[in-house]
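J.: Input structure: structure_5.cif, which contains mmCIF, N, CA and C atoms.
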```cif
data_my_file
#
loop_
_atom_site.label_atom_id
_atom_site.label_comp_id
_atom_site.auth_asym_id
_atom_site.auth_seq_id
_atom_site.Cartn_x
_atom_site.Cartn_y
_atom_site.Cartn_z
N MET Z 108 92.28 120.51 38.59
CA MET Z 108 92.96 121.72 38.99
C MET Z 108 93.85 121.41 40.20
N THR Z 109 95.08 121.88 40.18
CA THR Z 109 96.02 121.60 41.26
C THR Z 109 95.80 122.58 42.41
N ASN Z 110 96.16 122.11 43.60
CA ASN Z 110 96.07 122.94 44.79
C ASN Z 110 97.37 123.72 44.92
N ARG Z 111 97.35 124.98 44.49
CA ARG Z 111 98.57 125.80 44.50
C ARG Z 111 99.00 126.14 45.91
N THR Z 112 98.06 126.12 46.87
CA THR Z 112 98.42 126.38 48.26
C THR Z 112 99.35 125.28 48.77
N ALA Z 113 99.06 124.03 48.39
CA ALA Z 113 99.90 122.91 48.80
C ALA Z 113 101.23 122.91 48.06
N ILE Z 114 101.24 123.34 46.80
CA ILE Z 114 102.47 123.35 46.01
C ILE Z 114 103.40 124.50 46.44
N HIS Z 115 102.82 125.64 46.81
CA HIS Z 115 103.60 126.82 47.20
C HIS Z 115 103.15 127.31 48.59
N PRO Z 116 103.37 126.51 49.62
CA PRO Z 116 102.85 126.87 50.94
C PRO Z 116 103.48 128.13 51.53
N ARG Z 117 104.77 128.35 51.32
CA ARG Z 117 105.43 129.53 51.89
C ARG Z 117 104.93 130.81 51.22
N LEU Z 118 104.76 130.77 49.92
CA LEU Z 118 104.23 131.93 49.20
C LEU Z 118 102.82 132.23 49.66
N HIS Z 119 102.02 131.19 49.80
CA HIS Z 119 100.64 131.39 50.26
C HIS Z 119 100.62 131.96 51.67
N ALA Z 120 101.51 131.49 52.54
CA ALA Z 120 101.57 132.01 53.90
C ALA Z 120 102.01 133.47 53.90
N LEU Z 121 102.86 133.83 52.95
CA LEU Z 121 103.39 135.18 52.88
C LEU Z 121 102.36 136.18 52.36
N ILE Z 122 101.62 135.82 51.31
CA ILE Z 122 100.71 136.81 50.71
C ILE Z 122 99.26 136.35 50.66
N GLY Z 123 98.95 135.20 51.23
CA GLY Z 123 97.57 134.75 51.31
C GLY Z 123 97.00 134.31 49.98
N ASP Z 124 95.71 134.54 49.80
CA ASP Z 124 95.01 134.07 48.61
C ASP Z 124 95.47 134.73 47.31
N ILE Z 125 96.17 135.83 47.42
CA ILE Z 125 96.70 136.49 46.22
C ILE Z 125 97.70 135.58 45.51
N ALA Z 126 98.27 134.62 46.23
CA ALA Z 126 99.23 133.70 45.64
C ALA Z 126 98.63 132.94 44.46
N ARG Z 127 97.31 132.76 44.46
CA ARG Z 127 96.67 132.07 43.34
C ARG Z 127 96.83 132.83 42.03
N ASP Z 128 96.99 134.16 42.12
CA ASP Z 128 97.09 134.99 40.92
C ASP Z 128 98.52 135.16 40.40
N VAL Z 129 99.48 134.65 41.14
CA VAL Z 129 100.89 134.77 40.73
C VAL Z 129 101.15 133.72 39.65
N PRO Z 130 101.77 134.14 38.54
CA PRO Z 130 102.09 133.17 37.49
C PRO Z 130 102.93 132.02 38.05
N GLU Z 131 102.69 130.82 37.52
CA GLU Z 131 103.29 129.61 38.05
C GLU Z 131 104.82 129.67 38.09
N ASP Z 132 105.46 130.16 37.03
CA ASP Z 132 106.92 130.19 37.03
C ASP Z 132 107.46 131.15 38.09
N LEU Z 133 106.80 132.29 38.27
CA LEU Z 133 107.22 133.24 39.29
C LEU Z 133 106.94 132.68 40.69
N ALA Z 134 105.81 132.03 40.87
CA ALA Z 134 105.47 131.43 42.16
C ALA Z 134 106.50 130.37 42.54
N ARG Z 135 106.94 129.57 41.56
CA ARG Z 135 107.93 128.53 41.82
C ARG Z 135 109.26 129.16 42.25
N GLU Z 136 109.67 130.26 41.59
CA GLU Z 136 110.92 130.94 41.94
C GLU Z 136 110.84 131.54 43.35
N ILE Z 137 109.74 132.16 43.67
CA ILE Z 137 109.57 132.76 45.00
C ILE Z 137 109.57 131.66 46.06
N GLU Z 138 108.86 130.58 45.79
CA GLU Z 138 108.82 129.46 46.74
C GLU Z 138 110.22 128.89 46.97
N CYS Z 139 111.01 128.76 45.90
CA CYS Z 139 112.38 128.26 46.05
C CYS Z 139 113.23 129.22 46.87
N ALA Z 140 113.09 130.52 46.62
CA ALA Z 140 113.86 131.51 47.37
C ALA Z 140 113.49 131.48 48.85
N LEU Z 141 112.21 131.36 49.14
CA LEU Z 141 111.77 131.28 50.54
C LEU Z 141 112.27 129.99 51.18
N ASP Z 142 112.27 128.91 50.41
CA ASP Z 142 112.74 127.63 50.92
C ASP Z 142 114.25 127.68 51.21
N GLU Z 143 115.03 128.34 50.33
CA GLU Z 143 116.48 128.46 50.53
C GLU Z 143 116.81 129.20 51.82
N ARG Z 144 115.97 130.13 52.22
CA ARG Z 144 116.20 130.89 53.46
C ARG Z 144 115.70 130.11 54.68
N ASN Z 145 115.21 128.90 54.46
CA ASN Z 145 114.70 128.05 55.54
C ASN Z 145 113.61 128.73 56.36
N LEU Z 146 112.78 129.53 55.68
CA LEU Z 146 111.68 130.16 56.39
C LEU Z 146 110.62 129.11 56.68
N PRO Z 147 110.11 129.07 57.91
CA PRO Z 147 109.09 128.08 58.23
C PRO Z 147 107.80 128.40 57.50
N VAL Z 148 107.06 127.37 57.21
CA VAL Z 148 105.76 127.55 56.59
C VAL Z 148 104.80 128.01 57.68
N GLN Z 149 104.29 129.21 57.54
CA GLN Z 149 103.35 129.75 58.52
C GLN Z 149 101.97 129.17 58.27
N SER Z 150 101.25 129.04 59.32
CA SER Z 150 99.88 128.54 59.20
C SER Z 150 98.99 129.64 58.64
N PRO Z 151 98.27 129.39 57.56
CA PRO Z 151 97.34 130.40 57.06
C PRO Z 151 96.29 130.77 58.11
N ALA Z 152 96.02 129.88 59.06
CA ALA Z 152 95.05 130.19 60.12
C ALA Z 152 95.53 131.38 60.93
N PHE Z 153 96.84 131.49 61.14
CA PHE Z 153 97.40 132.62 61.87
C PHE Z 153 97.02 133.92 61.19
N PHE Z 154 97.22 133.98 59.86
CA PHE Z 154 96.92 135.21 59.13
C PHE Z 154 95.42 135.46 59.07
N ALA Z 155 94.63 134.41 58.99
CA ALA Z 155 93.18 134.58 59.00
C ALA Z 155 92.73 135.20 60.32
N CYS Z 156 93.29 134.72 61.44
CA CYS Z 156 92.94 135.29 62.75
C CYS Z 156 93.43 136.73 62.85
N LEU Z 157 94.63 136.99 62.36
CA LEU Z 157 95.18 138.34 62.41
C LEU Z 157 94.31 139.29 61.60
N ASN Z 158 93.88 138.87 60.43
CA ASN Z 158 93.00 139.71 59.60
C ASN Z 158 91.66 139.93 60.28
N ALA Z 159 91.11 138.90 60.91
CA ALA Z 159 89.82 139.05 61.59
C ALA Z 159 89.93 140.04 62.73
N ILE Z 160 91.01 139.96 63.49
CA ILE Z 160 91.20 140.88 64.60
C ILE Z 160 91.33 142.31 64.09
N SER Z 161 92.06 142.49 63.02
CA SER Z 161 92.26 143.84 62.50
C SER Z 161 91.01 144.40 61.82
N HIS Z 162 90.02 143.57 61.55
CA HIS Z 162 88.78 144.04 60.96
C HIS Z 162 87.70 144.24 62.02
N VAL Z 163 88.10 144.67 63.20
CA VAL Z 163 87.23 145.06 64.29
C VAL Z 163 86.37 143.92 64.81
N ASP Z 164 86.89 142.72 64.76
CA ASP Z 164 86.22 141.62 65.44
C ASP Z 164 86.65 141.65 66.89
N GLY Z 165 86.20 140.69 67.65
CA GLY Z 165 86.56 140.64 69.06
C GLY Z 165 88.04 140.42 69.24
N GLU Z 166 88.51 140.70 70.46
CA GLU Z 166 89.94 140.57 70.74
C GLU Z 166 90.43 139.14 70.61
N ASP Z 167 89.49 138.17 70.64
CA ASP Z 167 89.89 136.78 70.50
C ASP Z 167 89.80 136.31 69.05
N GLY Z 168 89.51 137.25 68.13
CA GLY Z 168 89.41 136.89 66.72
C GLY Z 168 88.05 136.38 66.31
N GLN Z 169 87.15 136.29 67.26
CA GLN Z 169 85.79 135.85 66.97
C GLN Z 169 84.92 137.07 66.69
N PRO Z 170 83.84 136.89 65.93
CA PRO Z 170 82.96 138.05 65.66
C PRO Z 170 82.40 138.62 66.95
N CYS Z 171 82.29 139.94 66.98
CA CYS Z 171 81.74 140.60 68.16
C CYS Z 171 80.25 140.33 68.24
N SER Z 172 79.80 140.13 69.46
CA SER Z 172 78.36 140.03 69.67
C SER Z 172 77.82 141.42 69.93
N SER Z 173 76.53 141.56 69.85
CA SER Z 173 75.91 142.85 70.11
C SER Z 173 76.21 143.28 71.54
N LEU Z 174 76.55 144.54 71.70
CA LEU Z 174 76.94 145.06 73.01
C LEU Z 174 75.99 146.18 73.38
N THR Z 175 75.39 146.07 74.53
CA THR Z 175 74.52 147.12 75.04
C THR Z 175 75.10 147.61 76.36
N LEU Z 176 75.47 148.88 76.40
CA LEU Z 176 76.03 149.45 77.61
C LEU Z 176 74.94 150.18 78.38
N GLY Z 177 74.95 149.97 79.69
CA GLY Z 177 74.07 150.75 80.54
C GLY Z 177 74.61 152.16 80.66
N VAL Z 178 73.79 153.06 81.20
CA VAL Z 178 74.19 154.46 81.33
C VAL Z 178 75.45 154.59 82.18
N SER Z 179 75.51 153.89 83.32
CA SER Z 179 76.68 154.03 84.20
C SER Z 179 77.93 153.45 83.53
N ASP Z 180 77.78 152.31 82.82
CA ASP Z 180 78.92 151.73 82.11
C ASP Z 180 79.40 152.66 81.00
N HIS Z 181 78.44 153.26 80.30
CA HIS Z 181 78.78 154.18 79.21
C HIS Z 181 79.55 155.38 79.75
N ALA Z 182 79.07 155.96 80.85
CA ALA Z 182 79.75 157.12 81.44
C ALA Z 182 81.14 156.74 81.94
N SER Z 183 81.26 155.58 82.57
CA SER Z 183 82.56 155.13 83.08
C SER Z 183 83.52 154.87 81.92
N LEU Z 184 83.02 154.27 80.86
CA LEU Z 184 83.85 154.01 79.68
C LEU Z 184 84.34 155.32 79.08
N ARG Z 185 83.47 156.30 78.96
CA ARG Z 185 83.86 157.62 78.41
C ARG Z 185 84.92 158.28 79.28
N ARG Z 186 84.76 158.19 80.62
CA ARG Z 186 85.76 158.77 81.52
C ARG Z 186 87.10 158.06 81.37
N SER Z 187 87.05 156.73 81.28
CA SER Z 187 88.29 155.96 81.12
C SER Z 187 88.99 156.34 79.82
N MET Z 188 88.24 156.47 78.74
CA MET Z 188 88.84 156.80 77.46
C MET Z 188 89.39 158.23 77.46
N SER Z 189 88.70 159.16 78.10
CA SER Z 189 89.20 160.53 78.22
C SER Z 189 90.49 160.55 79.03
N GLY Z 190 90.49 159.81 80.14
CA GLY Z 190 91.69 159.72 80.97
C GLY Z 190 92.85 159.10 80.21
N LEU Z 191 92.56 158.05 79.44
CA LEU Z 191 93.60 157.38 78.66
C LEU Z 191 94.17 158.33 77.61
N THR Z 192 93.31 159.11 76.98
CA THR Z 192 93.78 160.10 76.00
C THR Z 192 94.72 161.11 76.65
N ALA Z 193 94.36 161.59 77.84
CA ALA Z 193 95.20 162.55 78.55
C ALA Z 193 96.55 161.92 78.92
N VAL Z 194 96.53 160.68 79.41
CA VAL Z 194 97.78 160.01 79.80
C VAL Z 194 98.67 159.81 78.56
N LEU Z 195 98.07 159.40 77.45
CA LEU Z 195 98.87 159.21 76.23
C LEU Z 195 99.44 160.53 75.72
N ASP Z 196 98.69 161.63 75.86
CA ASP Z 196 99.22 162.95 75.49
C ASP Z 196 100.44 163.28 76.35
N LEU Z 197 100.34 163.01 77.66
CA LEU Z 197 101.47 163.27 78.56
C LEU Z 197 102.67 162.41 78.20
N LEU Z 198 102.43 161.13 77.90
CA LEU Z 198 103.54 160.24 77.52
C LEU Z 198 104.19 160.69 76.21
N GLN Z 199 103.39 161.14 75.26
CA GLN Z 199 103.94 161.61 74.00
C GLN Z 199 104.77 162.87 74.22
N ALA Z 200 104.28 163.80 75.04
CA ALA Z 200 105.04 165.01 75.34
C ALA Z 200 106.34 164.65 76.06
N ALA Z 201 106.28 163.68 76.97
CA ALA Z 201 107.49 163.25 77.68
C ALA Z 201 108.50 162.66 76.70
N GLU Z 202 108.03 161.88 75.74
CA GLU Z 202 108.92 161.28 74.75
C GLU Z 202 109.56 162.36 73.87
N ARG Z 203 108.77 163.34 73.47
CA ARG Z 203 109.33 164.43 72.65
C ARG Z 203 110.37 165.22 73.45
N ALA Z 204 110.07 165.48 74.73
CA ALA Z 204 111.03 166.21 75.58
C ALA Z 204 112.31 165.39 75.73
N ARG Z 205 112.18 164.08 75.83
CA ARG Z 205 113.35 163.21 75.94
C ARG Z 205 114.22 163.31 74.69
N ASN Z 206 113.57 163.37 73.53
CA ASN Z 206 114.31 163.42 72.27
C ASN Z 206 114.83 164.81 71.93
N GLU Z 207 114.09 165.85 72.31
CA GLU Z 207 114.42 167.20 71.86
C GLU Z 207 114.95 168.11 72.96
N GLY Z 208 114.67 167.81 74.22
CA GLY Z 208 115.05 168.71 75.30
C GLY Z 208 116.35 168.33 75.96
N GLY Z 209 116.78 169.20 76.84
CA GLY Z 209 117.99 168.93 77.60
C GLY Z 209 117.68 168.03 78.79
N PRO Z 210 118.70 167.61 79.52
CA PRO Z 210 118.51 166.70 80.66
C PRO Z 210 117.55 167.23 81.72
N GLY Z 211 117.55 168.54 81.96
CA GLY Z 211 116.66 169.12 82.96
C GLY Z 211 115.22 169.28 82.50
N GLU Z 212 114.96 169.02 81.24
CA GLU Z 212 113.62 169.20 80.68
C GLU Z 212 112.86 167.89 80.49
N GLN Z 213 113.41 166.81 80.98
CA GLN Z 213 112.82 165.50 80.75
C GLN Z 213 112.01 165.03 81.95
N VAL Z 214 111.02 164.22 81.68
CA VAL Z 214 110.25 163.57 82.73
C VAL Z 214 111.05 162.36 83.19
N GLY Z 215 111.17 162.17 84.48
CA GLY Z 215 111.95 161.06 85.01
C GLY Z 215 111.27 159.72 84.82
N ALA Z 216 112.04 158.65 85.03
CA ALA Z 216 111.54 157.29 84.86
C ALA Z 216 110.40 156.99 85.83
N PHE Z 217 110.47 157.52 87.05
CA PHE Z 217 109.41 157.29 88.04
C PHE Z 217 108.07 157.78 87.51
N HIS Z 218 108.06 159.00 86.96
CA HIS Z 218 106.81 159.57 86.47
C HIS Z 218 106.35 158.89 85.17
N THR Z 219 107.30 158.53 84.32
CA THR Z 219 106.94 157.81 83.09
C THR Z 219 106.32 156.46 83.43
N ASP Z 220 106.93 155.74 84.35
CA ASP Z 220 106.36 154.45 84.78
C ASP Z 220 104.98 154.64 85.39
N GLY Z 221 104.81 155.70 86.16
CA GLY Z 221 103.50 156.00 86.75
C GLY Z 221 102.44 156.26 85.70
N LEU Z 222 102.81 156.97 84.64
CA LEU Z 222 101.86 157.22 83.55
C LEU Z 222 101.50 155.93 82.83
N ILE Z 223 102.46 155.05 82.64
CA ILE Z 223 102.18 153.76 81.99
C ILE Z 223 101.25 152.92 82.85
N VAL Z 224 101.50 152.89 84.16
CA VAL Z 224 100.62 152.15 85.07
C VAL Z 224 99.22 152.74 85.03
N ALA Z 225 99.12 154.06 85.00
CA ALA Z 225 97.81 154.72 84.93
C ALA Z 225 97.08 154.34 83.63
N ALA Z 226 97.81 154.32 82.52
CA ALA Z 226 97.20 153.95 81.24
C ALA Z 226 96.68 152.52 81.29
N ARG Z 227 97.47 151.62 81.86
CA ARG Z 227 97.03 150.22 81.95
C ARG Z 227 95.78 150.10 82.81
N GLN Z 228 95.72 150.85 83.91
CA GLN Z 228 94.56 150.78 84.78
C GLN Z 228 93.32 151.33 84.08
N LEU Z 229 93.49 152.39 83.32
CA LEU Z 229 92.36 152.95 82.57
C LEU Z 229 91.86 151.96 81.53
N VAL Z 230 92.77 151.25 80.88
CA VAL Z 230 92.37 150.22 79.91
C VAL Z 230 91.62 149.10 80.62
N ARG Z 231 92.11 148.67 81.79
CA ARG Z 231 91.42 147.63 82.55
C ARG Z 231 90.00 148.06 82.91
N GLU Z 232 89.85 149.30 83.32
CA GLU Z 232 88.52 149.82 83.67
C GLU Z 232 87.61 149.84 82.45
N ALA Z 233 88.15 150.26 81.31
CA ALA Z 233 87.36 150.27 80.08
C ALA Z 233 86.96 148.85 79.69
N GLN Z 234 87.88 147.89 79.82
CA GLN Z 234 87.55 146.49 79.52
C GLN Z 234 86.48 145.97 80.48
N HIS Z 235 86.57 146.37 81.73
CA HIS Z 235 85.58 145.95 82.74
C HIS Z 235 84.20 146.48 82.34
N CYS Z 236 84.14 147.74 81.93
CA CYS Z 236 82.86 148.33 81.50
C CYS Z 236 82.28 147.57 80.30
N LEU Z 237 83.15 147.22 79.36
CA LEU Z 237 82.69 146.48 78.19
C LEU Z 237 82.23 145.08 78.56
N ALA Z 238 82.94 144.43 79.50
CA ALA Z 238 82.55 143.10 79.94
C ALA Z 238 81.21 143.14 80.66
N GLU Z 239 80.98 144.19 81.45
CA GLU Z 239 79.71 144.33 82.15
C GLU Z 239 78.58 144.53 81.14
N GLY Z 240 78.86 145.32 80.10
CA GLY Z 240 77.84 145.58 79.08
C GLY Z 240 77.56 144.36 78.22
N ASP Z 241 78.54 143.46 78.13
CA ASP Z 241 78.41 142.24 77.31
C ASP Z 241 77.67 141.14 78.06
N ALA Z 242 77.64 141.24 79.39
CA ALA Z 242 77.02 140.19 80.19
C ALA Z 242 75.51 140.17 80.10
#
```
Show me the file's structure as structure tokens.
T.:
Amino acid sequence: MTNRTAIHPRLHALIGDIARDVPEDLAREIECALDERNLPVQSPAFFACLNAISHVDGEDGQPCSSLTLGVSDHASLRRSMSGLTAVLDLLQAAERARNEGGPGEQVGAFHTDGLIVAARQLVREAQHCLAEGDA
């Protein structure tokens, strides 16, 4: 049996293991078209890591270990997430006002930047709580 991943590396990088199910003549045509566009052959490891991350594994692509949060970490995490939700609601309202409202109805750049900084700080606090619970 031939290794179709090696024969059609660009197709495999594009659609993963489904490439094995593509008829050979069609796979060859797609591989030639991708080759004509000089698309680099992507590493299947990249897509494997991306899929692992999107399937609720750890942020580093590794499986999550069991996490036990203490009461104080749990409460702090809940406050951070509630605060982040409020900040994101404000940012979304500001964006809608920017798109739909007049110049006097918009939130200025100073306040928008402040909301973004606040969101980042809330995320850092939530990450800190999770790191404490993981230790």
J.: For this structure, which residues satisfy the selection - the PyMOL selection byres ((chain Z and resi 213-225) around 8) - when it is evaluated on the file as given? I want them as a list in words.
T.: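 That expression, the PyMOL selection byres ((chain Z and resi 213-225) around 8), corresponds here to Gly190, Leu191, Val194, Leu195, Leu197, Leu198, Ala200, Ala201, Glu202, Arg203, Ala204, Arg205, Asn206, Gly208, Gly209, Pro210, Gly211, Glu212, Ala226, Arg227, Gln228, Leu229, Val230 and Arg231 of chain Z.
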J.: Rounded to one decimal in Å, what is the spacing between CA of Cys236 (chain Z) and atom N of Gln199 (chain Z)?
T.: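 For CA of Cys236 (chain Z) relative to atom N of Gln199 (chain Z), the distance reads 25.0 Å.
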J.: So how many Å separate atom N of Thr192 (chain Z) and CA of Thr175 (chain Z), to one decimal?
T.: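 Computing it gives 22.4 Å between the two atoms.
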J.: Report, as lines of an AutoDock Vina configuration file, the axis-aligned box around all atoms of region 194-201 of chain Z present in the file, extended by 8 Å on each side; give centre and edge lengths in Å to one decimal place.
T.:
```
center_x = 102.5
center_y = 162.1
center_z = 76.9
size_x = 28.0
size_y = 21.8
size_z = 21.8
```
J.: Record the distance separating CA of Asp196 (chain Z) and CA of Leu237 (chain Z), expressed in Å with one decimal.
T.: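 The value is 23.5 Å.
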J.: Counting only C-alpha atoms, figure out which residue out of Z:His181, Z:His115, Z:His235, Z:Arg186 gets nearest to Val129 (chain Z).
T.: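 When distances to Val129 (chain Z) are compared using only C-alpha atoms, the smallest one comes from Z:His115.
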J.: Run the PyMOL selection byres (((chain Z and resi 135 and name CA) around 12) and name CA) against the file shown and list the residues it catches, as JSON, numbers by chain.
T.: {"Z": [111, 112, 114, 115, 116, 117, 118, 119, 126, 127, 129, 130, 131, 132, 133, 134, 136, 137, 138, 139, 140, 141, 142]}
